[in-house]
Amino acid sequence: MTVRTCVIGVGRMGANHVRCLSEMPEADLLAIADANGERVMELADRFGCRSYANHQAMLIEEKPDAVVIAVPTPAHAEVALDSIARGCHVLVEKPLADSPHHAREIIDAARERGLRLAVGHVERFNPAVRKLREIIDDGALGRVLSISARRVGLPSPHFHETNVVVDLAVHDLDVIRYLLGQPLRVLSSVAGRLTGGPSEDYADMLLLAGSVPCVIQVNWVTPVKIRTLSVVGDAGYAELNYITQTIELYRRQAVESTASYLELVARYGEPERTTIAGGGEEPLKAELKSFFRAIETGDEPGASGEDGLAAVELAEAVLDCARYVHPL
């Protein structure tokens, strides 16, 4: 099955979608739309598709089966609803919408028309994340005791449009739900603005997934890009690096009684360690394949509208309860 596909919004993520779609046999890339006329024409020439300055005109003329939406977050609901009204299956870049209300509108509209709705939570398709879920499910770490995630670095290109919780933390909010298969509850958060932008540029939050405490740190302040997630279990420890797509797995050894602390360190100070490469295809292509498979089978995609709504609701809850050390 080849899916006739268009892309709306060709900024950084939209351009990556265009590149991937042009290389995938599952997709027939018809056209792209963006208000930036020069950029959209340059990309259309490069990837051999048509270009439009107006997404509604493109939907009328091209009549695509599916649309990838990568416009700024405040416009997600409007563009998604336009596309659904034209009978298109839609993949909306994360976050699904700028509010739970708008996210629910998109979900309801797609459901009423019998159309597939996917959300661009691309980290779910990172091969290392998928491998870590296997490790957890297989019991290699034992009972999970805690999870911590760090996603920090310099400002996003979108920092004038959104805040660091909506732009960055939604990744880890979604990944933790995916890894544990548990809903998350926000206990507390601290946020603020340090870099002079219009909204929150750092946040630290504490959540519970069932009985598992989870800590997430995000910011646009740290001068080095870090993307890690660690899981502590009663039988081991795993640290995932999103960038290198690797996992460092440490297994707990059975500790016998020893004569002294120094003997304990000497005997057990070096745990068994394994480096695991995630392997597999580019996460964005895996995400798009999941979307196309859902269109063909009628099943839910790998990251559904309900998954997107849960991430938006959690982001809102983090901001609602945040204590502002550096007031906005």
# chains A, B, ... in the order shown; residues from 1 in each chain; ligands from 1

$ residues_around --residues "A:Glu23" --least-positions-apart "6" --cutoff "12 Å" --atoms "only C-alpha atoms" --output "PyMOL selection string"
chain A and resi 16-17+29+47-48+282+284-285+288-289

$ write_last_selection --atoms "C-alpha atoms" --output "short mmCIF file (atom, residue, chain, number, x, y, z; two decimals), in the first residue's frame"
data_model
loop_
_atom_site.label_atom_id
_atom_site.label_comp_id
_atom_site.auth_asym_id
_atom_site.auth_seq_id
_atom_site.Cartn_x
_atom_site.Cartn_y
_atom_site.Cartn_z
CA ASN A 16 12.93 16.02 8.22
CA HIS A 17 9.52 14.50 7.54
CA LEU A 29 4.97 12.53 -1.39
CA PHE A 47 12.53 16.45 -3.13
CA GLY A 48 10.50 16.44 -6.32
CA GLU A 282 15.89 6.02 11.96
CA LEU A 284 11.35 9.24 12.41
CA LYS A 285 11.00 6.67 9.63
CA LEU A 288 5.97 7.23 9.87
CA LYS A 289 5.82 3.49 9.13
#

$ residues_around --residues "stretch 246-252 of chain A" --least-positions-apart "3" --cutoff "10 Å" --atoms "only C-alpha atoms" --output "compact mmCIF listing (two decimals) with N, CA and C atoms, in the first residue's frame"
# COMPACT_ATOMS: atom_id res chain seq x y z
N ASN A 126 12.69 5.49 19.16
CA ASN A 126 14.14 5.37 19.33
C ASN A 126 14.44 3.91 19.66
N PRO A 127 15.31 3.24 18.90
CA PRO A 127 15.54 1.81 19.16
C PRO A 127 16.04 1.52 20.57
N ALA A 128 16.77 2.46 21.18
CA ALA A 128 17.24 2.24 22.55
C ALA A 128 16.08 2.27 23.53
N VAL A 129 15.09 3.12 23.29
CA VAL A 129 13.91 3.17 24.17
C VAL A 129 13.14 1.85 24.06
N LYS A 131 14.37 -1.03 23.23
CA LYS A 131 15.17 -2.06 23.88
C LYS A 131 15.05 -1.96 25.40
N LEU A 132 15.04 -0.74 25.94
CA LEU A 132 14.92 -0.57 27.39
C LEU A 132 13.58 -1.10 27.88
N ILE A 135 13.94 -4.74 28.24
CA ILE A 135 14.74 -5.07 29.42
C ILE A 135 13.88 -5.00 30.68
N ALA A 140 14.88 -7.93 33.77
CA ALA A 140 16.33 -7.89 33.96
C ALA A 140 16.75 -6.91 35.06
N LEU A 141 15.92 -5.90 35.31
CA LEU A 141 16.24 -4.93 36.36
C LEU A 141 15.52 -5.25 37.67
N GLY A 142 14.72 -6.30 37.66
CA GLY A 142 13.91 -6.59 38.82
C GLY A 142 12.75 -5.62 38.93
N THR A 228 19.31 11.92 28.52
CA THR A 228 19.50 10.63 29.18
C THR A 228 18.28 10.27 30.01
N LEU A 229 18.13 8.99 30.25
CA LEU A 229 17.09 8.47 31.15
C LEU A 229 17.66 7.27 31.86
N SER A 230 17.50 7.20 33.18
CA SER A 230 18.03 6.08 33.96
C SER A 230 16.92 5.40 34.75
N VAL A 231 17.05 4.09 34.89
CA VAL A 231 16.07 3.28 35.62
C VAL A 231 16.80 2.50 36.70
N VAL A 232 16.34 2.64 37.94
CA VAL A 232 16.88 1.88 39.06
C VAL A 232 15.92 0.76 39.39
N GLY A 233 16.44 -0.47 39.41
CA GLY A 233 15.64 -1.62 39.83
C GLY A 233 16.30 -2.32 40.99
N ASP A 234 15.59 -3.24 41.64
CA ASP A 234 16.20 -3.94 42.77
C ASP A 234 17.15 -5.05 42.32
N ALA A 235 17.28 -5.25 40.99
CA ALA A 235 18.22 -6.24 40.48
C ALA A 235 19.23 -5.63 39.50
N GLY A 236 19.14 -4.33 39.26
CA GLY A 236 20.08 -3.72 38.32
C GLY A 236 19.76 -2.26 38.05
N TYR A 237 20.55 -1.69 37.16
CA TYR A 237 20.45 -0.27 36.83
C TYR A 237 20.72 -0.12 35.33
N ALA A 238 19.94 0.73 34.66
CA ALA A 238 20.15 0.97 33.23
C ALA A 238 20.14 2.46 32.97
N GLU A 239 21.06 2.90 32.13
CA GLU A 239 21.11 4.30 31.73
C GLU A 239 21.07 4.38 30.21
N LEU A 240 20.07 5.08 29.71
CA LEU A 240 19.84 5.22 28.27
C LEU A 240 20.34 6.58 27.80
N ASN A 241 21.04 6.59 26.68
CA ASN A 241 21.46 7.82 26.03
C ASN A 241 20.69 7.94 24.72
N TYR A 242 19.78 8.92 24.66
CA TYR A 242 18.94 9.08 23.46
C TYR A 242 19.79 9.43 22.23
N ILE A 243 20.84 10.19 22.43
CA ILE A 243 21.63 10.69 21.30
C ILE A 243 22.43 9.56 20.65
N VAL A 255 25.38 -10.06 47.27
CA VAL A 255 26.43 -9.61 48.20
C VAL A 255 26.46 -10.52 49.42
N TYR A 268 33.07 -6.16 45.43
CA TYR A 268 31.86 -5.85 44.68
C TYR A 268 31.87 -4.45 44.06
N GLU A 270 33.12 -3.32 41.33
CA GLU A 270 32.97 -3.26 39.88
C GLU A 270 31.82 -4.17 39.46
N PRO A 271 30.64 -3.60 39.21
CA PRO A 271 29.50 -4.44 38.84
C PRO A 271 29.64 -4.95 37.41
N GLU A 272 28.88 -5.98 37.09
CA GLU A 272 28.81 -6.48 35.72
C GLU A 272 28.15 -5.41 34.85
N ARG A 273 28.83 -5.05 33.76
CA ARG A 273 28.35 -3.96 32.91
C ARG A 273 28.28 -4.40 31.46
N THR A 274 27.17 -4.06 30.81
CA THR A 274 26.99 -4.41 29.40
C THR A 274 26.53 -3.16 28.64
N THR A 275 27.18 -2.87 27.52
CA THR A 275 26.74 -1.79 26.65
C THR A 275 25.89 -2.38 25.53
N ILE A 276 24.68 -1.85 25.39
CA ILE A 276 23.73 -2.37 24.41
C ILE A 276 23.43 -1.28 23.40
N ALA A 277 23.66 -1.56 22.14
CA ALA A 277 23.31 -0.62 21.07
C ALA A 277 21.88 -0.88 20.64
N GLY A 278 21.11 0.20 20.53
CA GLY A 278 19.70 0.04 20.17
C GLY A 278 19.54 -0.57 18.79
N GLY A 279 20.32 -0.08 17.82
CA GLY A 279 20.21 -0.59 16.45
C GLY A 279 18.89 -0.21 15.82

$ residues_around --residues "stretch 72-79 of chain A" --least-positions-apart "5" --cutoff "9 Å" --atoms "only C-alpha atoms" --output "list in words"
Ile8, Gly9, Gly11, His55, Gln56, Ile84, Val92, Glu93, Lys94, Pro95, Leu96, Ala97, Asp98, Ser99, His102, Ala103, Glu105, Ile106, His158, Glu161 and Thr162 of chain A

$ write_last_selection --atoms "C-alpha atoms" --output "short mmCIF file (atom, residue, chain, number, x, y, z; two decimals), in the first residue's frame"
data_model
loop_
_atom_site.label_atom_id
_atom_site.label_comp_id
_atom_site.auth_asym_id
_atom_site.auth_seq_id
_atom_site.Cartn_x
_atom_site.Cartn_y
_atom_site.Cartn_z
CA ILE A 8 2.09 21.07 6.25
CA GLY A 9 4.86 23.13 7.87
CA GLY A 11 10.55 24.06 9.52
CA HIS A 55 -2.45 24.43 3.29
CA GLN A 56 -6.17 24.62 2.52
CA ILE A 84 -9.59 15.85 9.05
CA VAL A 92 0.56 15.76 14.26
CA GLU A 93 4.01 16.63 15.57
CA LYS A 94 4.30 16.69 19.35
CA PRO A 95 2.71 18.12 21.34
CA LEU A 96 -0.67 17.19 19.92
CA ALA A 97 -2.06 20.64 20.77
CA ASP A 98 -1.51 23.69 22.93
CA SER A 99 -4.20 22.64 25.43
CA HIS A 102 -7.80 21.41 21.61
CA ALA A 103 -6.21 17.96 21.82
CA GLU A 105 -11.18 18.31 19.68
CA ILE A 106 -8.67 16.73 17.28
CA HIS A 158 10.67 27.33 19.09
CA GLU A 161 6.32 29.95 20.61
CA THR A 162 6.17 27.69 23.66
#

$ select_by_dssp --residues "stretch 160-238 of chain A" --states "alpha helix (DSSP H)" --output "compact mmCIF listing (two decimals) with C-alpha atoms, in the first residue's frame"
# COMPACT_ATOMS: atom_id res chain seq x y z
CA VAL A 164 10.39 24.15 27.95
CA VAL A 170 6.53 16.03 26.91
CA HIS A 171 9.11 13.62 25.42
CA ASP A 172 10.02 12.15 28.80
CA LEU A 173 6.48 12.32 30.16
CA ASP A 174 5.44 10.16 27.23
CA VAL A 175 8.47 7.83 27.32
CA ILE A 176 8.01 7.03 31.02
CA ARG A 177 4.34 6.17 30.41
CA TYR A 178 5.45 3.98 27.50
CA LEU A 179 8.20 2.21 29.48
CA LEU A 180 6.11 1.42 32.54

$ closest_residue --among "A:Met1, A:Cys321, A:Val312, A:Ala53" --to "A:Val119" --atoms "only C-alpha atoms"
A:Val312

$ residues_around --residues "A:Ser83" --least-positions-apart "6" --cutoff "8 Å" --atoms "only C-alpha atoms" --output "MDAnalysis selection string"
chainID A and resid 59 67 89:90

$ atom_distance --atom1 "atom CA of A:Thr2" --atom2 "atom CA of A:Asn36"
28.4 Å

$ closest_residue --among "A:Ser189, A:Ser156, A:Gln245, A:Ser290" --to "A:Trp220" --atoms "only C-alpha atoms"
A:Ser156

$ residues_around --residues "A:Ile32" --least-positions-apart "4" --cutoff "7 Å" --atoms "only C-alpha atoms" --output "VMD selection string"
chain A and resid 6 to 8 40 44 50 to 52

$ atom_distance --atom1 "atom CA of A:Arg293" --atom2 "atom CA of A:Ala27"
11.2 Å
